[in-house]
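K.L.:
protein-v3.tsv is reproduced in full below (TSV, C-alpha atoms).
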```
chain	number	residue	atom	x	y	z
A	142	MET	CA	39.80	-61.02	-25.94
A	143	GLU	CA	43.20	-59.36	-25.83
A	144	LEU	CA	44.02	-56.54	-23.44
A	145	ASP	CA	44.08	-53.87	-26.20
A	146	GLU	CA	40.69	-54.97	-27.47
A	147	LEU	CA	39.30	-54.91	-23.93
A	148	ARG	CA	40.68	-51.41	-23.37
A	149	GLN	CA	39.19	-50.16	-26.64
A	150	ALA	CA	35.83	-51.69	-25.81
A	151	TRP	CA	35.92	-50.08	-22.38
A	152	GLN	CA	36.78	-46.67	-23.87
A	153	ALA	CA	34.00	-47.01	-26.45
A	154	LEU	CA	31.55	-47.84	-23.66
A	155	GLY	CA	32.75	-44.80	-21.70
A	156	ARG	CA	32.24	-42.51	-24.69
A	157	GLN	CA	28.79	-43.96	-25.24
A	158	LEU	CA	27.87	-43.32	-21.60
A	159	GLU	CA	29.17	-39.74	-21.86
A	160	ARG	CA	27.06	-39.16	-24.97
A	161	HIS	CA	24.06	-40.63	-23.19
A	162	ASP	CA	24.58	-38.42	-20.14
A	163	ALA	CA	25.04	-35.34	-22.33
A	164	LEU	CA	21.84	-36.17	-24.21
A	165	GLN	CA	19.92	-36.61	-20.97
A	166	LEU	CA	21.20	-33.29	-19.65
A	167	ARG	CA	20.26	-31.54	-22.88
A	168	LEU	CA	16.77	-33.03	-22.81
A	169	LEU	CA	16.33	-32.03	-19.17
A	170	ARG	CA	17.50	-28.48	-19.94
A	171	GLU	CA	15.11	-28.26	-22.91
A	172	ARG	CA	12.22	-29.38	-20.69
A	173	ARG	CA	13.07	-26.68	-18.14
A	174	LEU	CA	13.28	-24.05	-20.88
A	175	ASP	CA	10.00	-25.21	-22.39
A	176	ARG	CA	8.43	-24.83	-18.96
A	177	ALA	CA	9.89	-21.32	-18.73
A	178	ARG	CA	8.36	-20.48	-22.12
A	179	ARG	CA	4.94	-21.75	-21.02
A	180	HIS	CA	5.07	-19.58	-17.89
A	181	LEU	CA	5.07	-16.46	-20.08
A	182	ARG	CA	1.88	-17.30	-21.96
A	183	PRO	CA	-0.39	-15.49	-19.45
A	184	LEU	CA	1.80	-12.42	-19.83
A	185	ALA	CA	1.31	-12.48	-23.61
A	186	TRP	CA	-2.46	-12.89	-23.17
A	187	GLY	CA	-2.52	-9.93	-20.80
A	188	GLN	CA	-0.71	-7.72	-23.31
A	189	ALA	CA	-3.10	-8.82	-26.05
A	190	LEU	CA	-5.98	-7.78	-23.78
A	191	GLN	CA	-4.26	-4.45	-23.15
A	192	ILE	CA	-4.07	-3.87	-26.91
A	193	LEU	CA	-7.81	-4.53	-27.16
A	194	VAL	CA	-8.51	-2.05	-24.35
A	195	GLY	CA	-6.31	0.54	-26.06
A	196	ALA	CA	-8.07	-0.05	-29.36
A	197	GLY	CA	-11.41	0.40	-27.59
A	198	MET	CA	-10.23	3.75	-26.20
A	199	VAL	CA	-9.11	4.90	-29.65
A	200	ALA	CA	-12.47	3.79	-31.11
A	201	LEU	CA	-14.32	5.70	-28.38
A	202	ALA	CA	-12.39	8.86	-29.18
A	203	ALA	CA	-13.04	8.28	-32.88
A	204	LEU	CA	-16.80	8.27	-32.16
A	205	LEU	CA	-16.39	11.71	-30.65
A	206	TRP	CA	-14.51	12.96	-33.72
A	207	ALA	CA	-17.20	11.50	-35.96
A	208	SER	CA	-19.91	13.29	-33.98
A	209	ALA	CA	-18.25	16.65	-34.72
A	210	ALA	CA	-18.75	17.67	-31.10
A	211	ALA	CA	-18.00	21.35	-30.41
A	212	ILE	CA	-17.74	21.10	-26.62
A	213	PRO	CA	-14.18	22.10	-25.59
A	214	ALA	CA	-14.12	19.92	-22.47
A	215	ALA	CA	-15.30	16.88	-24.45
A	216	ILE	CA	-12.71	17.52	-27.17
A	217	ALA	CA	-9.95	17.75	-24.54
A	218	ALA	CA	-11.20	14.53	-22.97
A	219	GLY	CA	-11.26	12.85	-26.39
A	220	VAL	CA	-7.65	13.84	-27.05
A	221	CYS	CA	-6.58	12.43	-23.68
A	222	VAL	CA	-8.44	9.16	-24.23
A	223	HIS	CA	-7.09	8.86	-27.78
A	224	LEU	CA	-3.50	9.39	-26.59
A	225	TYR	CA	-4.02	6.92	-23.73
A	226	GLY	CA	-5.27	4.27	-26.15
A	227	LEU	CA	-2.31	4.74	-28.48
A	228	ALA	CA	0.16	4.66	-25.57
A	229	THR	CA	-1.24	1.42	-24.14
A	230	ILE	CA	-1.17	-0.23	-27.57
A	231	ALA	CA	2.44	0.86	-28.14
A	232	ALA	CA	3.52	-0.28	-24.67
A	233	ALA	CA	1.91	-3.69	-25.06
A	234	GLY	CA	3.44	-4.04	-28.53
A	235	LEU	CA	6.88	-3.35	-27.09
A	236	VAL	CA	6.38	-6.06	-24.45
A	237	LEU	CA	5.30	-8.58	-27.08
A	238	SER	CA	8.32	-7.72	-29.23
A	239	ARG	CA	10.61	-8.30	-26.21
A	240	LEU	CA	8.83	-11.60	-25.65
A	241	ARG	CA	9.36	-12.72	-29.24
A	242	ALA	CA	13.04	-11.73	-29.03
A	243	ILE	CA	13.76	-14.46	-26.47
A	244	ASP	CA	15.52	-17.33	-28.25
A	245	TYR	CA	15.28	-20.45	-26.10
A	246	ALA	CA	17.96	-22.15	-28.19
A	247	ALA	CA	20.47	-19.55	-26.96
A	248	PRO	CA	22.64	-19.94	-23.86
A	249	VAL	CA	20.78	-19.49	-20.58
A	250	ALA	CA	22.75	-16.33	-19.74
A	251	GLU	CA	21.50	-14.68	-22.95
A	252	ILE	CA	17.94	-15.76	-22.20
A	253	VAL	CA	18.26	-14.20	-18.73
A	254	ASP	CA	19.44	-10.91	-20.26
A	255	ARG	CA	16.54	-10.82	-22.71
A	256	THR	CA	14.15	-11.69	-19.90
A	257	ALA	CA	15.47	-8.71	-17.95
A	258	ALA	CA	14.66	-6.46	-20.93
A	259	LEU	CA	11.20	-8.03	-21.11
A	260	ARG	CA	10.69	-7.40	-17.39
A	261	ARG	CA	11.58	-3.70	-17.72
A	262	ALA	CA	9.22	-3.29	-20.68
A	263	TYR	CA	6.43	-5.13	-18.83
A	264	VAL	CA	6.70	-2.98	-15.70
A	265	ALA	CA	6.75	0.18	-17.83
A	266	SER	CA	3.73	-1.06	-19.78
A	267	GLY	CA	1.86	-1.67	-16.55
A	268	MET	CA	2.61	1.86	-15.37
A	269	ILE	CA	1.49	3.37	-18.69
A	270	ALA	CA	-1.72	1.36	-18.65
A	271	GLY	CA	-2.48	1.66	-14.95
A	272	LEU	CA	-1.40	5.03	-13.56
A	273	PRO	CA	-3.63	7.18	-15.83
A	274	TRP	CA	-6.69	5.53	-14.27
A	275	TRP	CA	-6.27	7.91	-11.36
A	276	VAL	CA	-7.72	10.60	-13.67
A	277	LEU	CA	-9.39	8.64	-16.48
A	278	PRO	CA	-12.84	8.01	-14.89
A	279	PRO	CA	-13.97	11.68	-14.93
A	280	VAL	CA	-12.31	12.16	-18.33
A	281	LEU	CA	-14.32	9.25	-19.73
A	282	LEU	CA	-17.51	10.65	-18.22
A	283	VAL	CA	-16.88	14.00	-19.92
A	284	LEU	CA	-16.24	12.23	-23.24
A	285	LEU	CA	-19.37	10.06	-22.98
A	286	ALA	CA	-21.47	13.07	-22.08
A	287	GLY	CA	-19.97	14.92	-25.05
A	288	LEU	CA	-21.19	12.13	-27.34
A	289	ARG	CA	-24.72	13.04	-26.20
A	290	GLY	CA	-24.09	16.74	-26.69
A	291	VAL	CA	-23.81	17.46	-22.97
A	292	ASP	CA	-21.06	19.60	-21.45
A	293	LEU	CA	-20.62	17.65	-18.23
A	294	ALA	CA	-17.83	19.91	-16.97
A	295	ALA	CA	-20.25	22.85	-17.09
A	296	ARG	CA	-23.39	20.98	-16.02
A	297	ALA	CA	-21.86	19.08	-13.09
A	298	PRO	CA	-18.50	20.65	-12.18
A	299	TRP	CA	-18.79	19.17	-8.69
A	300	LEU	CA	-18.54	15.72	-10.29
A	301	VAL	CA	-15.66	16.40	-12.70
A	302	TRP	CA	-13.19	18.79	-11.13
A	303	PRO	CA	-12.85	17.29	-7.61
A	304	SER	CA	-12.29	13.87	-9.17
A	305	LEU	CA	-9.64	15.27	-11.49
A	306	GLY	CA	-7.99	17.07	-8.58
A	307	LEU	CA	-7.86	13.93	-6.44
A	308	GLY	CA	-6.54	11.92	-9.36
A	309	ALA	CA	-3.84	14.49	-10.06
A	310	CYS	CA	-2.81	14.38	-6.39
A	311	ALA	CA	-2.60	10.59	-6.57
A	312	LEU	CA	-0.43	10.82	-9.69
A	313	LEU	CA	1.89	13.27	-7.96
A	314	ALA	CA	2.08	10.96	-4.95
A	315	SER	CA	2.97	8.04	-7.25
A	316	TRP	CA	5.70	10.12	-8.87
A	317	GLY	CA	7.02	11.12	-5.45
A	318	LEU	CA	7.09	7.48	-4.36
A	319	HIS	CA	9.00	6.60	-7.51
A	320	ARG	CA	11.58	9.32	-6.77
A	321	TRP	CA	11.85	8.17	-3.16
A	322	LEU	CA	12.51	4.58	-4.20
A	323	ARG	CA	15.34	5.65	-6.53
A	324	ASP	CA	17.52	6.37	-3.51
A	325	PRO	CA	20.36	3.75	-3.47
A	326	ARG	CA	19.66	3.15	0.21
A	327	ARG	CA	16.29	1.70	-0.75
A	328	ALA	CA	17.60	-0.64	-3.46
A	329	ALA	CA	16.37	-3.75	-1.64
A	330	LEU	CA	12.85	-2.37	-1.23
A	331	ARG	CA	12.86	-1.24	-4.87
A	332	ALA	CA	13.89	-4.74	-5.98
A	333	ARG	CA	11.12	-6.36	-3.93
A	334	LEU	CA	8.51	-4.00	-5.34
A	335	GLY	CA	9.88	-4.61	-8.83
A	336	ASP	CA	9.45	-8.35	-8.37
A	337	PHE	CA	5.91	-7.78	-7.12
A	338	PHE	CA	4.90	-5.60	-10.07
A	339	ALA	CA	6.63	-7.96	-12.53
A	340	GLY	CA	3.94	-10.48	-11.66
A	341	PRO	CA	3.89	-14.24	-11.00
A	342	ALA	CA	4.46	-15.24	-14.64
A	343	LEU	CA	7.89	-13.61	-14.80
A	344	ARG	CA	8.82	-14.91	-11.34
A	345	ARG	CA	8.00	-18.50	-12.35
A	346	HIS	CA	9.83	-17.97	-15.63
A	347	ARG	CA	12.97	-16.83	-13.80
A	348	ARG	CA	12.86	-19.83	-11.44
A	349	ALA	CA	12.63	-22.20	-14.43
A	350	LEU	CA	15.60	-20.43	-16.03
A	351	ASP	CA	17.60	-20.79	-12.82
A	352	GLU	CA	16.84	-24.51	-12.80
A	353	ALA	CA	17.92	-24.82	-16.44
A	354	GLY	CA	21.11	-22.92	-15.71
A	355	ARG	CA	22.04	-25.24	-12.84
A	356	ILE	CA	21.79	-28.33	-15.04
A	357	GLY	CA	25.25	-29.53	-15.89
A	358	ARG	CA	26.89	-27.51	-13.12
A	359	GLU	CA	25.81	-29.73	-10.28
```
Output the file's structure as structure tokens, nothing else.
P.N.:
Amino acid sequence: MELDELRQAWQALGRQLERHDALQLRLLRERRLDRARRHLRPLAWGQALQILVGAGMVALAALLWASAAAIPAAIAAGVCVHLYGLATIAAAGLVLSRLRAIDYAAPVAEIVDRTAALRRAYVASGMIAGLPWWVLPPVLLVLLAGLRGVDLAARAPWLVWPSLGLGACALLASWGLHRWLRDPRRAALRARLGDFFAGPALRRHRRALDEAGRIGRE
């Protein structure tokens, strides 16, 4: 074999090895991204469950409307429960739309940006679904009693109003904590709490994305 032929063969072998290495890196990156996608499945299931809970709240309020109850306290409770159900459904729907917007064929940086939007929507959805439960138990009791034609707020005010007062105080305390955490001096604490409330699924997802992003740079 002449020198030129040997050089060409060597160059062809080098290109083949480069293609092989590039293919292996791409396959490894795709496996990491597929793992990241799987980590978000529990999050999607949780939002689907939240939609079912919201639909149940709307259905419960609809029973009150169908009963033509004339108890003012029960009607007010029904409005609150109805609005809560609609809000939880809308919040969960927004999270699912953010989840579907993640394109795992896109560059990792873009996936990270869309994941950040998903994280914000998920934390907000959790607050919308969770914080009202400080006051929802007595509201639900008033609604359920209204379905039986009983004005619980008038019959047992000691059961309804103290619970509502304590719940309102807890909501105010939560709002105050939120305002306190917005101080730039508490950015690190706010970030740690944000990671905690984002949940394990998003934390594992972010780690898998970081691994995918490091592939090819090391």
K.L.:
For segment 223-226 of chain A, find every residue with an atom within 12 Å (counting only C-alpha atoms), except residues of its own chain fewer than 5 positions away, and show them as a PyMOL selection string.
P.N.:
chain A and resi 191-206+215-218+231-233+266+268-274+276-277+280-281+284
K.L.:
Would you mind exporting the chosen residues as an mmCIF file, in the frame of the given file, restricted to C-alpha atoms?
P.N.:
```cif
data_model
loop_
_atom_site.group_PDB
_atom_site.id
_atom_site.type_symbol
_atom_site.label_atom_id
_atom_site.label_comp_id
_atom_site.auth_asym_id
_atom_site.auth_seq_id
_atom_site.Cartn_x
_atom_site.Cartn_y
_atom_site.Cartn_z
ATOM 1 C CA GLN A 191 -4.260 -4.450 -23.150
ATOM 2 C CA ILE A 192 -4.070 -3.870 -26.910
ATOM 3 C CA LEU A 193 -7.810 -4.530 -27.160
ATOM 4 C CA VAL A 194 -8.510 -2.050 -24.350
ATOM 5 C CA GLY A 195 -6.310 0.540 -26.060
ATOM 6 C CA ALA A 196 -8.070 -0.050 -29.360
ATOM 7 C CA GLY A 197 -11.410 0.400 -27.590
ATOM 8 C CA MET A 198 -10.230 3.750 -26.200
ATOM 9 C CA VAL A 199 -9.110 4.900 -29.650
ATOM 10 C CA ALA A 200 -12.470 3.790 -31.110
ATOM 11 C CA LEU A 201 -14.320 5.700 -28.380
ATOM 12 C CA ALA A 202 -12.390 8.860 -29.180
ATOM 13 C CA ALA A 203 -13.040 8.280 -32.880
ATOM 14 C CA LEU A 204 -16.800 8.270 -32.160
ATOM 15 C CA LEU A 205 -16.390 11.710 -30.650
ATOM 16 C CA TRP A 206 -14.510 12.960 -33.720
ATOM 17 C CA ALA A 215 -15.300 16.880 -24.450
ATOM 18 C CA ILE A 216 -12.710 17.520 -27.170
ATOM 19 C CA ALA A 217 -9.950 17.750 -24.540
ATOM 20 C CA ALA A 218 -11.200 14.530 -22.970
ATOM 21 C CA ALA A 231 2.440 0.860 -28.140
ATOM 22 C CA ALA A 232 3.520 -0.280 -24.670
ATOM 23 C CA ALA A 233 1.910 -3.690 -25.060
ATOM 24 C CA SER A 266 3.730 -1.060 -19.780
ATOM 25 C CA MET A 268 2.610 1.860 -15.370
ATOM 26 C CA ILE A 269 1.490 3.370 -18.690
ATOM 27 C CA ALA A 270 -1.720 1.360 -18.650
ATOM 28 C CA GLY A 271 -2.480 1.660 -14.950
ATOM 29 C CA LEU A 272 -1.400 5.030 -13.560
ATOM 30 C CA PRO A 273 -3.630 7.180 -15.830
ATOM 31 C CA TRP A 274 -6.690 5.530 -14.270
ATOM 32 C CA VAL A 276 -7.720 10.600 -13.670
ATOM 33 C CA LEU A 277 -9.390 8.640 -16.480
ATOM 34 C CA VAL A 280 -12.310 12.160 -18.330
ATOM 35 C CA LEU A 281 -14.320 9.250 -19.730
ATOM 36 C CA LEU A 284 -16.240 12.230 -23.240
#
```
K.L.:
Report, in Å with one decimal, the straight-line distance from atom CA of Arg239 of chain A to atom CA of Leu259 of chain A.
P.N.:
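Atom CA of Arg239 of chain A sits 5.1 Å away from atom CA of Leu259 of chain A.
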K.L.:
Rounded to one decimal, what separation in Å do you get between atom CA of Leu343 of chain A and atom CA of Leu181 of chain A?
P.N.:
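Atom CA of Leu181 of chain A lies at a distance of 6.6 Å from atom CA of Leu343 of chain A.
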K.L.:
Atom CA of Val249 of chain A and atom CA of Arg182 of chain A, how far apart in Å?
P.N.:
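Spanning atom CA of Arg182 of chain A to atom CA of Val249 of chain A is a straight-line distance of 19.1 Å.
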K.L.:
First collect every listed atom of segment 204-221 of chain A; then fit an axis-aligned box around them, widen it by 3 Å on each side, and give centre and edge lengths in Å to one decimal, as AutoDock Vina command-line options.
P.N.:
```
--center_x -13.2 --center_y 15.2 --center_z -29.2 --size_x 19.3 --size_y 19.8 --size_z 19.5
```
K.L.:
Determine the nearest neighbour of Arg348 of chain A from the options A:Ala209, A:Ala332, A:Val253, A:Leu313, counting only C-alpha atoms.
P.N.:
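Of all the options, A:Val253 lies closest to Arg348 of chain A.
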K.L.:
When you count all atoms listed in the file, which of these residues is closest to Val220 of chain A: A:Ala297, A:Cys310, A:Val283, A:Leu322?
P.N.:
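Closest candidate: A:Val283.
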K.L.:
So that I can see what lies close to Leu305 of chain A, please list as JSON, numbers by chain the residues with an atom at most 8 Å from it, counting all atoms listed in the file and leaving out residues fewer than 3 positions away in the same chain.
P.N.:
{"A": [276, 279, 280, 301, 302, 308, 309]}
K.L.:
Could you turn the residues from that selection into a file that holds C-alpha atoms, as a JSON list (two decimals), keeping the file's coordinate frame?
P.N.:
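Output saved as result_10.json:
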```json
[["chain", "number", "residue", "atom", "x", "y", "z"],
["A", 276, "VAL", "CA", -7.72, 10.60, -13.67],
["A", 279, "PRO", "CA", -13.97, 11.68, -14.93],
["A", 280, "VAL", "CA", -12.31, 12.16, -18.33],
["A", 301, "VAL", "CA", -15.66, 16.40, -12.70],
["A", 302, "TRP", "CA", -13.19, 18.79, -11.13],
["A", 308, "GLY", "CA", -6.54, 11.92, -9.36],
["A", 309, "ALA", "CA", -3.84, 14.49, -10.06]]
```
K.L.:
Nearest to Leu307 of chain A among A:Trp275, A:Ala257, A:Val264, A:Ala242, with distances taken over all atoms listed in the file: which residue is it?
P.N.:
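Of A:Trp275, A:Ala257, A:Val264, A:Ala242, the one nearest Leu307 of chain A is A:Trp275, counting all atoms listed in the file.
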K.L.:
Near Ala262 of chain A, within 7 Å and counting only C-alpha atoms, which residues show up once chain neighbours fewer than 4 positions away are dropped, as JSON, numbers by chain?
P.N.:
{"A": [235, 236, 258, 266]}
K.L.:
Nearest residue to Ala214 of chain A out of A:Gly340, A:Pro298, A:Pro325, A:Gly187, using all atoms listed in the file?
P.N.:
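Of the candidates, the smallest distance to Ala214 of chain A is held by A:Pro298.
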